[in-house]
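These notes are about the structure you will find just below.
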Amino acid sequence: MTDLYPVPADFAARANVTAADYERDYPESIRNPDAFWGRIAGRLEWMKAPTRIREASFDREDFHIRWFADGELNASVNCLDRHLATRGNKAALVFEPDDPSGEATHVSYRELHARVCRLANALRNLGIGKGDRVIVYLPMIVEAVVAMLACARIGAVHTVVFGGFSANSIAERIRDSGAKLVITADEGVRGGRRVPLKDNVDAALKLPGTNSVATVLVVRHTGGAIDMQQPRDRWYHAVVDGQPDTCEPERMNAEDPLFILYTSGSTGKPKGVLHTTGGYLLYAAYTHECVFDLKEDDVYWCTADVGWVTGHSYVVYGPLANGATSLVFEGIPTWPDASRPWQVVDRHQVTIFYTAPTAIRALMREGSGPVEKTSRKSLRLLGTVGEPINPEAWRWYHEVVGGGRCPVVDTWWQTETGGILVSPLPGAWPAKPGSATRPFFGVQPGIVDAEGKLLEGEAEGNLVLLDSWPGQMRTVYGDDKRFFDTYFAAYPGMYFTGDGARRDADGYYWITGRVDDVINVSGHRIGTAEVESALVLHPKVAEAAVVGFPHEVKGQGIHAFVTLVAGETETEELHRELVAHVRSHIGPLATPDILQWAPALPKTRSGKIMRRILRKIAEGAPDQLGDTSTLADPGVVEGLLAGRRNR
Ligand code: WT7
C-alpha cells in the first residue's frame, strides 16, 4: 500500500494546470494533436507562424518526424528580445559562485540580450554562421548561457560538453560533429577544486581528427596559468569587447538544428542527439510552465549542469523562453557542507528547486541538521530528475527540505525526449513517492512485453511511446540509420525508451530503470561498452566486462571485471593504473567503483559473455544467478564469487 500525497488546497487554487484542465485537455491533445499543439505554438514568437503542425510516422517505410515544418523563428529572440519590453530589468539569471563568500550577480534580460548579441557578432566575425557546429566546454557560469544563446542567434549548432569529460571525450565529439570553434575557460572551479578546462582542450586538439577547429575562445575565469597558442586561441573578452550590443537574428526554420548533445548508448560510441528549433523550444517552455507551475515572481533553481540535457531545457531554454529568473550555480551541493543548497535557497529566496535523487541521497546522509539550520520558507515546489527516486529519499525531501508544504514532481524524461514526458502536474493530482505518475499533454506512453505486445491496464514491461511529441530528437547526428535502429526497430511503429516501467491501477507509471546496457551513475548515463572499450585499450588488458550494481548514494555504481593478457600479474599498482586510465580516457564520471580481476569471464559455449550473471555477482546476490547450465565453464563463476568476497 503506497501513501498518497494530495495536492495542498492553496496550491491547487492557484495552479497553472488544475485537475479539470488536464481531464479536459489531455484527451484532446491525443485525439487531435494538430489542434492542441497548433494552439500551444502561439505562445512562441514566430517570424513566420506555422500552418503545418504534426507530421510524424515511426514506420520504417515512411519514417519521418517534423513539427511546425513551415514555421520560422529564432530561439534567442524567444528567450531574450521578446521579454525586453515587459521584463527588461527582471533578472534572467542569478549567478551563485562556487565559493560561498564570493559575490552573487544578477543578469537582467536587457543585459543578457546585450551580452548574447556581442558574442553573436564576434562569432560571425570569426566566420561562424548558420549550421556550423560550436563546442561549448565551460563551467556553470553566465558565459555558458551566453554562448548557447549566441549560437542560437546566428543559427550555429551548439554542442555543450560537460566539464567532467576528458580530452579524449572532447576530441571524439569534435571529430563526430566537425566543430569549427570551441568556447572554453582557463579553468573551472567545483567544490573548491580547479578543473583544467583549457589544458583539456589543448590535449584534445592534439589528437587526430580535430583539425576542423580553427578557433578557441577562452573565458578568463580563475586567472590560472594556461598556454595561449597563436593564432588559434583568442581571449573571449578581447573578441567580445567593443562589439555592438544588438545583432540581427538568423531566421531559422522550425526544423533547423538547434543543438547536438552527446549521450551514451549501448555501443562504445556516444550518440549525437540532434534537437531542432521550433518543437524543442516550445516543448521545453510549455513543460517548464506546467510542471513547475511557473509564476512571474518565481525564483527558479535547477541544479543541473548545462553539459546535460536538463541544463539545456530547464536551466536555459525553458525558463528563459518563459521569462523566468533562472539560478546558475557553479558549485556542488555538498560543498563546503551539506547545508549549501539551502543557504543558496535562503540567500536568493528560491521558490522552485529541481535536482537529482543522487544529490538528495548525498544530502540526506548528512542528516537533517544542515537543512534545519536554514529557513527554506521561500520554497513552494520541489522536483527530481535523472533516475528513479527511492521512496525514503522522496519523503525526506518532502518532509525535511520542503517542510511538508511543497509538492514534489518526479519528472521522467531523457536526452532524446527534449523535455519532461511523465510527471506530476503539481496542482492536478496526488503524488505517490517513487512514481513519475502520469503523462504530459500529447504524450502517449505504452508498456510492451518482450514480444512487443502492448499491455493494457495494470502492467509491467518495457516503456515505449506510441506517437511523436514536439520535443522529440530528430536524428543521431550524421547517422539516420543508427537513429532508426536504436529507437524504432525493437518494436515496430513505437519509440523504445530503453527503460522498464510498471503501470498501477490508477494509471500511474513507475520507472524501474534501464533495461539495456546503460548504467545510471548519479543521474548520468554511462554505456557499459564505453567503459569496456576504454579498458581494453590498455595494453595489459585482454578483456573487460562492465555492469552496474546498486549504490546507496549514486543509484548505480560501476563494476568492472578485467582479464589481463597472459603473463601479466594482478598487482595493486596495475589496479590503480587501470582505474586512472578509465578516468583519463572518458572522464572522472566514468571511474569504476569496483575493479575486479577476472581470470576468466562467464561465457556461453558460443563465447558470449553472460552479463546477467555478472550483474548478480556485482550485486552480491549469488543465490539469484539463475540458469547457469549454458555456461561453457561453470567453475568461472565460483572463482568470481570468491574474488568478490575477498575484495
Ligand atoms: C534516463 C535518461 C532527463 C534528464 C536527465 C537524464 C533515467 C530520468 C527519471 C525519473 C526514473 C529516470 C531513465 C532515462 N531517468 N528521469 N524521474 N525516474 N528514471 O537524462 O542522461 O538522457 O538519461 O534517465 O533511465 O532513460 P539522460
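We label chains A, B, ... in the order they appear in the C-alpha cells, count residues from 1 in each chain, and number ligands from 1 in the order shown.
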
Inset, instruction - Pick out each residue of region 300-536 of chain A that DSSP on the backbone tags as helix (DSSP H, G or I); I need them as JSON, numbers by chain. - result: {"A": [309, 310, 311, 312, 313, 314, 315, 316, 317, 318, 319, 320, 321, 340, 341, 342, 343, 344, 345, 346, 347, 348, 357, 358, 359, 360, 361, 362, 363, 364, 369, 370, 371, 372, 391, 392, 393, 394, 395, 396, 397, 398, 399, 400, 401, 415, 416, 417, 480, 481, 482, 483, 484, 485, 486, 487, 528, 529, 530, 531, 532, 533, 534, 535, 536]}

### Message
Could you list, as a PyMOL selection string, all residues that come within 8 Å of ligand 1? Count only C-alpha atoms and all ligand atoms.
### Response
chain A and resi 263-264+308-310+384-389+410-420+422-423+434-436+497-499+510-514+520+523-525

Contact residues around region 30-39 of chain A with only C-alpha atoms at 10 Å, ignoring same-chain residues under 5 positions, as a ChimeraX atom specification:
/A:25,49-55,67-68,279,282-283,441-444,467-470

Requested in this report: From a DSSP calculation on the backbone, collect every residue of region 150-352 of chain A in strand (DSSP E) and output the set as a count of residues only.
Outcome: 48

Requested in this report: Go ahead and compute the interatomic distance for CA of Ala114 (chain A) and CA of Val146 (chain A), in Å to one decimal.
Outcome: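 Between CA of Ala114 (chain A) and CA of Val146 (chain A) the gap works out to 9.6 Å.
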
Residue among A:Lys608, A:Arg173, A:His581, A:Arg193 lying closest to Lys271 (chain A), counting only C-alpha atoms
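Selected residue with least distance to Lys271 (chain A): A:Arg173.
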
Write out as JSON, numbers by chain each polymer residue whose atoms come within 10 Å of Ser57 (chain A), counting only C-alpha atoms; drop sequence neighbours fewer than 3 positions from it. {"A": [54, 60, 61, 62, 63, 64, 65, 66, 467, 468, 493, 494]}

With all heavy atoms retained, export the selected residues as a compact mmCIF listing (two decimals), in the first residue's frame.
```txt
# COMPACT_ATOMS: atom_id res chain seq x y z
N ARG A 54 1.79 18.74 -36.87
CA ARG A 54 2.44 17.45 -36.61
C ARG A 54 2.55 16.63 -37.89
O ARG A 54 1.55 16.39 -38.57
CB ARG A 54 1.60 16.67 -35.60
CG ARG A 54 2.12 15.28 -35.31
CD ARG A 54 1.07 14.44 -34.57
NE ARG A 54 1.41 13.05 -34.66
CZ ARG A 54 1.19 12.30 -35.75
NH1 ARG A 54 0.64 12.83 -36.82
NH2 ARG A 54 1.55 11.02 -35.75
N ARG A 60 8.89 2.07 -40.61
CA ARG A 60 10.14 2.00 -41.38
C ARG A 60 9.98 2.55 -42.80
O ARG A 60 10.82 3.31 -43.28
CB ARG A 60 10.64 0.55 -41.43
CG ARG A 60 12.01 0.39 -42.05
CD ARG A 60 12.41 -1.07 -42.14
NE ARG A 60 12.78 -1.64 -40.85
CZ ARG A 60 14.01 -1.58 -40.32
NH1 ARG A 60 14.97 -0.95 -40.96
NH2 ARG A 60 14.26 -2.14 -39.16
N GLU A 61 8.88 2.22 -43.44
CA GLU A 61 8.70 2.58 -44.85
C GLU A 61 8.53 4.08 -45.04
O GLU A 61 8.85 4.62 -46.09
CB GLU A 61 7.47 1.89 -45.47
CG GLU A 61 7.60 0.38 -45.58
CD GLU A 61 7.54 -0.30 -44.23
OE1 GLU A 61 6.73 0.15 -43.37
OE2 GLU A 61 8.32 -1.24 -43.98
N ASP A 62 7.97 4.74 -44.04
CA ASP A 62 7.58 6.14 -44.22
C ASP A 62 8.10 6.96 -43.04
O ASP A 62 7.43 7.83 -42.53
CB ASP A 62 6.04 6.17 -44.28
CG ASP A 62 5.53 7.59 -44.47
OD1 ASP A 62 6.22 8.38 -45.13
OD2 ASP A 62 4.45 7.91 -43.93
N PHE A 63 9.31 6.64 -42.58
CA PHE A 63 9.78 7.21 -41.33
C PHE A 63 10.09 8.71 -41.45
O PHE A 63 10.89 9.11 -42.29
CB PHE A 63 11.04 6.46 -40.87
CG PHE A 63 11.52 6.94 -39.54
CD1 PHE A 63 10.86 6.57 -38.38
CD2 PHE A 63 12.61 7.81 -39.44
CE1 PHE A 63 11.28 7.03 -37.15
CE2 PHE A 63 13.03 8.27 -38.22
CZ PHE A 63 12.36 7.89 -37.07
N HIS A 64 9.46 9.54 -40.64
CA HIS A 64 9.79 10.97 -40.58
C HIS A 64 9.21 11.58 -39.32
O HIS A 64 8.19 11.12 -38.80
CB HIS A 64 9.28 11.71 -41.82
CG HIS A 64 7.79 11.69 -41.96
ND1 HIS A 64 7.10 10.63 -42.48
CD2 HIS A 64 6.85 12.61 -41.63
CE1 HIS A 64 5.80 10.88 -42.47
NE2 HIS A 64 5.62 12.08 -41.95
N ILE A 65 9.88 12.62 -38.81
CA ILE A 65 9.40 13.35 -37.63
C ILE A 65 9.62 14.83 -37.90
O ILE A 65 10.76 15.29 -37.98
CB ILE A 65 10.17 12.95 -36.36
CG1 ILE A 65 10.05 11.45 -36.10
CG2 ILE A 65 9.66 13.75 -35.15
CD1 ILE A 65 11.02 10.93 -35.04
N ARG A 66 8.53 15.57 -38.07
CA ARG A 66 8.62 17.02 -38.29
C ARG A 66 7.51 17.70 -37.51
O ARG A 66 6.39 17.19 -37.45
CB ARG A 66 8.43 17.36 -39.78
CG ARG A 66 9.56 16.96 -40.69
CD ARG A 66 9.34 17.48 -42.12
NE ARG A 66 8.15 16.90 -42.73
CZ ARG A 66 8.16 15.80 -43.49
NH1 ARG A 66 9.31 15.18 -43.75
NH2 ARG A 66 7.04 15.34 -44.01
N ASP A 467 3.47 7.71 -30.03
CA ASP A 467 3.40 8.74 -31.06
C ASP A 467 4.42 9.84 -30.74
O ASP A 467 4.95 9.90 -29.63
CB ASP A 467 1.98 9.31 -31.15
CG ASP A 467 1.71 9.98 -32.50
OD1 ASP A 467 2.67 10.20 -33.27
OD2 ASP A 467 0.54 10.28 -32.77
N SER A 468 4.64 10.73 -31.70
CA SER A 468 5.65 11.78 -31.54
C SER A 468 5.12 12.92 -30.67
O SER A 468 3.91 13.10 -30.51
CB SER A 468 6.02 12.33 -32.93
OG SER A 468 7.07 13.26 -32.82
N GLY A 493 6.84 0.66 -35.18
CA GLY A 493 5.82 1.70 -35.03
C GLY A 493 5.85 2.41 -33.70
O GLY A 493 5.02 3.28 -33.44
N MET A 494 6.81 2.05 -32.82
CA MET A 494 6.88 2.68 -31.50
C MET A 494 8.30 3.17 -31.22
O MET A 494 9.27 2.60 -31.73
CB MET A 494 6.53 1.66 -30.39
CG MET A 494 5.20 0.98 -30.58
SD MET A 494 5.01 -0.30 -29.31
CE MET A 494 3.64 -1.22 -30.02
```

Check: Of the residues A:Leu455, A:Ala560, A:Leu574, A:Ile260, which is the one nearest to Pro539 (chain A), using only C-alpha atoms?
Finding: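 For Pro539 (chain A), the nearest of the candidates is A:Leu574.
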